[in-house]
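S.K.: I am attaching a structure below and will ask some questions about it afterwards.
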Amino acid sequence: ALEKGVIDKNTTFLCKGEHYSRNDEFKSHGYVTFEEAIKYSCNDYFVSLANKLTHQEIKSFAEEQGYFSKILNLQDEITGSINLPKSYETNKAMALGYSISATPLQVAASLSAVLNEGTYIKPYLVESISDYMGNAAKVFSSEKKQVISKETANIIKEAMRAATLGGTATIANVTTMEIGAKTGTASSFDENQKEHSHGWFAGYYKQDGRYYIM
């Protein structure tokens with residue numbers, strides 16, 4: 001949405017807590033900007049945002065960043081999946097991640113675009129193969145492509161930084177290091193239909209002038 005100009009970093013949506021409930025507790029954030037939505041992991045914001053895009057736009061943009069396909073091309077590697085809503089349905093399930101599955105590697109790889117000024121860098125395992133003399137017989141390199149603008153990448157990176165400085169990811173903050181993150185919560189049900197919440201974390205840190213994804 002940032003990339004398409006549907007919103008900018010100052011666009012606000014009203015959060016009434018309609019898509020947040022934990023232990024029957026509801027939380028409202030009021031009017032929030034994009035950075036605040038990342039910072040506080042505001043579900044209402046992302047549902048409102050997703051409904052300004054088409055199903056196919058969301059799917060295509062995710063595919064551009066490696067989702068729903070193999071990253072390392074390993075035999076048993078999982079591709080993840082997406083269940084597109086019917087034409088008359090909203091994008092709520094997609095916005096909240098209920099209709100999308102992804103691997104940790106896909107999520108980490110997509111962050112490469114945020115940390116490389118909009119350039120997606122596909123991960124790979126082997127850098128080179130050497131012969132018996134120690135000379136490089138074959139050198140491998142990663143696929144690279146521009147998927148978002150430098151401006152969009154910086155807005156997302158700053159929002160993730162805000163999450164560690166005063167949002168949902170403050171536990172990960174280290175005062176001597178630049179760290180940014182996005183947190184999330186997923187739910188599952190056991191055999192007794194009791195709901196269990198699971199937290200996830202995707203982030204980055206900067207050390208010696210280089211960014212690392214975690």
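By convention here, the chains of the structure tokens are called A, B, ... in the order presented, each chain's residues are numbered starting at 1, and ligands are numbered starting at 1 in the order presented.
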Give me the residues near Phe61 of chain A as a PyMOL selection string, where near means some atom within 10 Å (using only C-alpha atoms) and where sequence neighbours in that chain fewer than 6 positions away do not count.

M.R.: chain A and resi 1+67+147-148

S.K.: I'd like to know which residues of segment 35-194 of chain A are strand (DSSP E) (by DSSP, run on the backbone); could you write them as a PDB file with C-alpha atoms, in the first residue's frame?

M.R.:
```pdb
ATOM      1  CA  SER A  81       0.211 -21.355   0.894  1.00  0.00           C
ATOM      2  CA  ILE A  82      -2.529 -18.770   0.511  1.00  0.00           C
ATOM      3  CA  ILE A 100      -1.641 -17.437   4.712  1.00  0.00           C
ATOM      4  CA  SER A 101       1.105 -19.819   5.791  1.00  0.00           C
ATOM      5  CA  THR A 119      16.264  -4.861  -2.994  1.00  0.00           C
ATOM      6  CA  TYR A 120      15.139  -8.429  -2.300  1.00  0.00           C
ATOM      7  CA  ILE A 121      18.134 -10.762  -1.952  1.00  0.00           C
ATOM      8  CA  SER A 128      31.633 -21.402  -3.662  1.00  0.00           C
ATOM      9  CA  ILE A 129      33.108 -24.834  -4.448  1.00  0.00           C
ATOM     10  CA  SER A 130      36.884 -25.192  -4.370  1.00  0.00           C
ATOM     11  CA  ALA A 136      37.324 -21.612  -6.487  1.00  0.00           C
ATOM     12  CA  ALA A 137      35.986 -23.984  -9.140  1.00  0.00           C
ATOM     13  CA  LYS A 138      32.495 -22.519  -9.032  1.00  0.00           C
ATOM     14  CA  VAL A 139      31.145 -19.391  -7.388  1.00  0.00           C
ATOM     15  CA  LYS A 144      18.537  -9.796  -6.531  1.00  0.00           C
ATOM     16  CA  LYS A 145      15.595  -7.639  -7.589  1.00  0.00           C
ATOM     17  CA  GLN A 146      14.104  -4.315  -6.600  1.00  0.00           C
ATOM     18  CA  GLU A 178      20.213  -0.848  16.468  1.00  0.00           C
ATOM     19  CA  ILE A 179      17.485  -3.509  16.589  1.00  0.00           C
ATOM     20  CA  GLY A 180      14.103  -3.532  14.870  1.00  0.00           C
ATOM     21  CA  ALA A 181      11.292  -6.057  14.868  1.00  0.00           C
ATOM     22  CA  LYS A 182       7.693  -6.973  14.084  1.00  0.00           C
ATOM     23  CA  THR A 183       5.830  -9.227  16.483  1.00  0.00           C
ATOM     24  CA  GLY A 184       2.717 -11.282  15.889  1.00  0.00           C
ATOM     25  CA  THR A 185       0.343 -13.680  17.557  1.00  0.00           C
ATOM     26  CA  ALA A 186      -1.250 -16.835  16.157  1.00  0.00           C
ATOM     27  CA  SER A 187      -3.892 -19.062  17.688  1.00  0.00           C
ATOM     28  CA  SER A 188      -4.401 -22.820  17.619  1.00  0.00           C
ATOM     29  CA  PHE A 189      -6.889 -25.186  19.232  1.00  0.00           C
TER      30      PHE A 189
END
```

S.K.: Under the rule that only C-alpha atoms are counted, which of A:Ser112, A:Asn73, A:Ser141, A:Asn43 is the nearest residue to Gly97 of chain A?

M.R.: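 Once distances to Gly97 of chain A are computed over only C-alpha atoms, the minimum belongs to A:Asn43.
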
S.K.: Would you compute the distance between atom CA of Lys150 of chain A and atom CA of Thr12 of chain A? Give it in Å to one decimal.

M.R.: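 For atom CA of Lys150 of chain A relative to atom CA of Thr12 of chain A, the distance reads 21.8 Å.
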
S.K.: Which distance in Å separates atom CA of Asp76 of chain A and atom CA of Ala109 of chain A, to one decimal?

M.R.: 18.3 Å

S.K.: Between atom CA of Gly66 of chain A and atom CA of Glu117 of chain A, measure the distance and give it in Å to one decimal.

M.R.: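 A separation of 16.8 Å between them.
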
S.K.: Using only C-alpha atoms, which of A:Phe68, A:Tyr98, A:Tyr132, A:Tyr204 sits nearest Met160 of chain A?

M.R.: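 Of A:Phe68, A:Tyr98, A:Tyr132, A:Tyr204, the one nearest Met160 of chain A is A:Tyr204, counting only C-alpha atoms.
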
S.K.: Thr103 of chain A: which residues within 8 Å, counting only C-alpha atoms, same-chain residues fewer than 2 positions away excluded, as an mmCIF file with N, CA and C atoms, in the first residue's frame?

M.R.:
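Writing done, so here's selection04.cif:
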```cif
data_model
loop_
_atom_site.group_PDB
_atom_site.id
_atom_site.type_symbol
_atom_site.label_atom_id
_atom_site.label_comp_id
_atom_site.auth_asym_id
_atom_site.auth_seq_id
_atom_site.Cartn_x
_atom_site.Cartn_y
_atom_site.Cartn_z
ATOM 1 N N ILE A 78 9.195 -26.549 2.254
ATOM 2 C CA ILE A 78 7.781 -26.185 2.193
ATOM 3 C C ILE A 78 7.628 -24.835 1.496
ATOM 4 N N THR A 79 6.591 -24.724 0.677
ATOM 5 C CA THR A 79 6.387 -23.480 -0.077
ATOM 6 C C THR A 79 5.461 -22.498 0.618
ATOM 7 N N GLY A 80 4.710 -22.959 1.624
ATOM 8 C CA GLY A 80 3.698 -22.084 2.188
ATOM 9 C C GLY A 80 2.478 -22.060 1.284
ATOM 10 N N SER A 101 0.058 -19.131 5.035
ATOM 11 C CA SER A 101 1.105 -19.819 5.791
ATOM 12 C C SER A 101 2.444 -19.528 5.129
ATOM 13 N N LEU A 105 12.019 -18.953 6.983
ATOM 14 C CA LEU A 105 12.993 -18.500 5.995
ATOM 15 C C LEU A 105 12.372 -17.499 5.024
ATOM 16 N N GLN A 106 11.128 -17.721 4.612
ATOM 17 C CA GLN A 106 10.455 -16.782 3.723
ATOM 18 C C GLN A 106 10.280 -15.424 4.391
ATOM 19 N N VAL A 107 9.901 -15.450 5.665
ATOM 20 C CA VAL A 107 9.730 -14.196 6.400
ATOM 21 C C VAL A 107 11.068 -13.461 6.524
#
```

S.K.: For Val6 of chain A, please output as a ChimeraX atom specification all residues within 10 Å (counting only C-alpha atoms; exclusion window: fewer than 4 positions along the same chain).

M.R.: /A:1-2,11,49,52-53

S.K.: Give the answer as one residue: which of A:Trp200, A:Tyr211, A:Tyr124, A:Tyr205 has the shortest atom-to-atom distance to Ser41 of chain A, using only C-alpha atoms?

M.R.: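 Among the listed residues, A:Trp200 lies closest to Ser41 of chain A.
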
S.K.: Find the residues near Asp8 of chain A: any atom within 12 Å, counting only C-alpha atoms, skip ones fewer than 4 places away on the same chain, and give them as an MDAnalysis selection string.

M.R.: chainID A and resid 1:4 12:13 33:35 49 151:152 155:156

S.K.: How would the residues just picked look written out with N, CA, C and O atoms as a compact mmCIF listing (two decimals), in the first residue's frame?

M.R.:
```
# COMPACT_ATOMS: atom_id res chain seq x y z
N ALA A 1 0.83 -1.20 0.00
CA ALA A 1 0.00 0.00 0.00
C ALA A 1 0.87 1.26 0.00
O ALA A 1 0.55 2.24 -0.68
N LEU A 2 1.96 1.24 0.77
CA LEU A 2 2.90 2.35 0.73
C LEU A 2 3.49 2.50 -0.67
O LEU A 2 3.60 3.61 -1.21
N GLU A 3 3.85 1.39 -1.26
CA GLU A 3 4.50 1.40 -2.57
C GLU A 3 3.56 1.88 -3.66
O GLU A 3 3.98 2.57 -4.59
N LYS A 4 2.30 1.55 -3.57
CA LYS A 4 1.32 1.93 -4.57
C LYS A 4 0.76 3.33 -4.35
O LYS A 4 0.00 3.84 -5.16
N THR A 12 -3.73 7.70 8.76
CA THR A 12 -4.25 7.08 9.99
C THR A 12 -5.53 6.30 9.71
O THR A 12 -6.29 6.61 8.80
N PHE A 13 -5.72 5.26 10.51
CA PHE A 13 -6.97 4.51 10.54
C PHE A 13 -7.40 4.41 12.00
O PHE A 13 -6.56 4.41 12.91
N THR A 33 -1.02 5.80 13.06
CA THR A 33 -0.30 5.90 11.79
C THR A 33 0.29 4.54 11.44
O THR A 33 0.20 3.59 12.24
N PHE A 34 0.93 4.45 10.27
CA PHE A 34 1.56 3.19 9.87
C PHE A 34 2.63 2.78 10.87
O PHE A 34 2.69 1.61 11.28
N GLU A 35 3.48 3.72 11.28
CA GLU A 35 4.54 3.37 12.23
C GLU A 35 3.96 2.88 13.55
O GLU A 35 4.45 1.91 14.13
N LEU A 49 -6.19 -1.42 6.12
CA LEU A 49 -5.22 -1.24 5.04
C LEU A 49 -5.39 -2.29 3.95
O LEU A 49 -5.41 -1.96 2.75
N GLU A 151 12.51 4.57 -0.25
CA GLU A 151 11.70 5.31 0.72
C GLU A 151 10.78 4.38 1.51
O GLU A 151 10.69 4.48 2.74
N THR A 152 10.11 3.48 0.80
CA THR A 152 9.22 2.53 1.48
C THR A 152 10.01 1.64 2.44
O THR A 152 9.57 1.39 3.57
N ILE A 155 10.81 3.55 5.62
CA ILE A 155 9.63 3.74 6.47
C ILE A 155 9.36 2.49 7.29
O ILE A 155 9.09 2.55 8.49
N ILE A 156 9.44 1.31 6.64
CA ILE A 156 9.20 0.05 7.34
C ILE A 156 10.29 -0.21 8.38
O ILE A 156 10.01 -0.63 9.50
```

S.K.: Of the residues A:Lys122, A:Lys92, A:Lys59, A:Lys157, which is the one nearest to Glu18 of chain A, using only C-alpha atoms?

M.R.: A:Lys92

S.K.: Apply DSSP to the backbone of this structure and, from segment 81-163 of chain A, keep only the residues in alpha helix (DSSP H); write these as a PyMOL selection string.

M.R.: chain A and resi 92-96+104-115+150-163

S.K.: Just write the chosen residues, C-alpha atoms, as an mmCIF file, in the first residue's frame.

M.R.:
```cif
data_model
loop_
_atom_site.group_PDB
_atom_site.id
_atom_site.type_symbol
_atom_site.label_atom_id
_atom_site.label_comp_id
_atom_site.auth_asym_id
_atom_site.auth_seq_id
_atom_site.Cartn_x
_atom_site.Cartn_y
_atom_site.Cartn_z
ATOM 1 C CA LYS A 92 -9.536 -9.530 6.908
ATOM 2 C CA ALA A 93 -8.232 -13.116 7.009
ATOM 3 C CA MET A 94 -5.292 -12.225 4.782
ATOM 4 C CA ALA A 95 -4.442 -9.142 6.844
ATOM 5 C CA LEU A 96 -4.410 -11.150 10.066
ATOM 6 C CA PRO A 104 10.516 -18.651 8.882
ATOM 7 C CA LEU A 105 12.993 -18.500 5.995
ATOM 8 C CA GLN A 106 10.455 -16.782 3.723
ATOM 9 C CA VAL A 107 9.730 -14.196 6.400
ATOM 10 C CA ALA A 108 13.445 -13.600 7.014
ATOM 11 C CA ALA A 109 14.155 -13.346 3.298
ATOM 12 C CA SER A 110 11.436 -10.745 2.797
ATOM 13 C CA LEU A 111 13.149 -8.557 5.395
ATOM 14 C CA SER A 112 16.196 -8.385 3.129
ATOM 15 C CA ALA A 113 14.327 -5.838 1.003
ATOM 16 C CA VAL A 114 13.719 -3.643 4.048
ATOM 17 C CA LEU A 115 17.414 -3.687 4.975
ATOM 18 C CA LYS A 150 14.196 2.950 -0.921
ATOM 19 C CA GLU A 151 11.701 5.314 0.717
ATOM 20 C CA THR A 152 9.223 2.526 1.478
ATOM 21 C CA ALA A 153 12.002 0.313 2.849
ATOM 22 C CA ASN A 154 13.174 3.071 5.203
ATOM 23 C CA ILE A 155 9.631 3.740 6.473
ATOM 24 C CA ILE A 156 9.196 0.049 7.337
ATOM 25 C CA LYS A 157 12.646 -0.177 8.935
ATOM 26 C CA GLU A 158 11.992 2.881 11.109
ATOM 27 C CA ALA A 159 8.620 1.443 12.164
ATOM 28 C CA MET A 160 10.263 -1.837 13.173
ATOM 29 C CA ARG A 161 12.837 0.126 15.143
ATOM 30 C CA ALA A 162 10.006 1.914 16.957
ATOM 31 C CA ALA A 163 8.579 -1.466 18.002
#
```
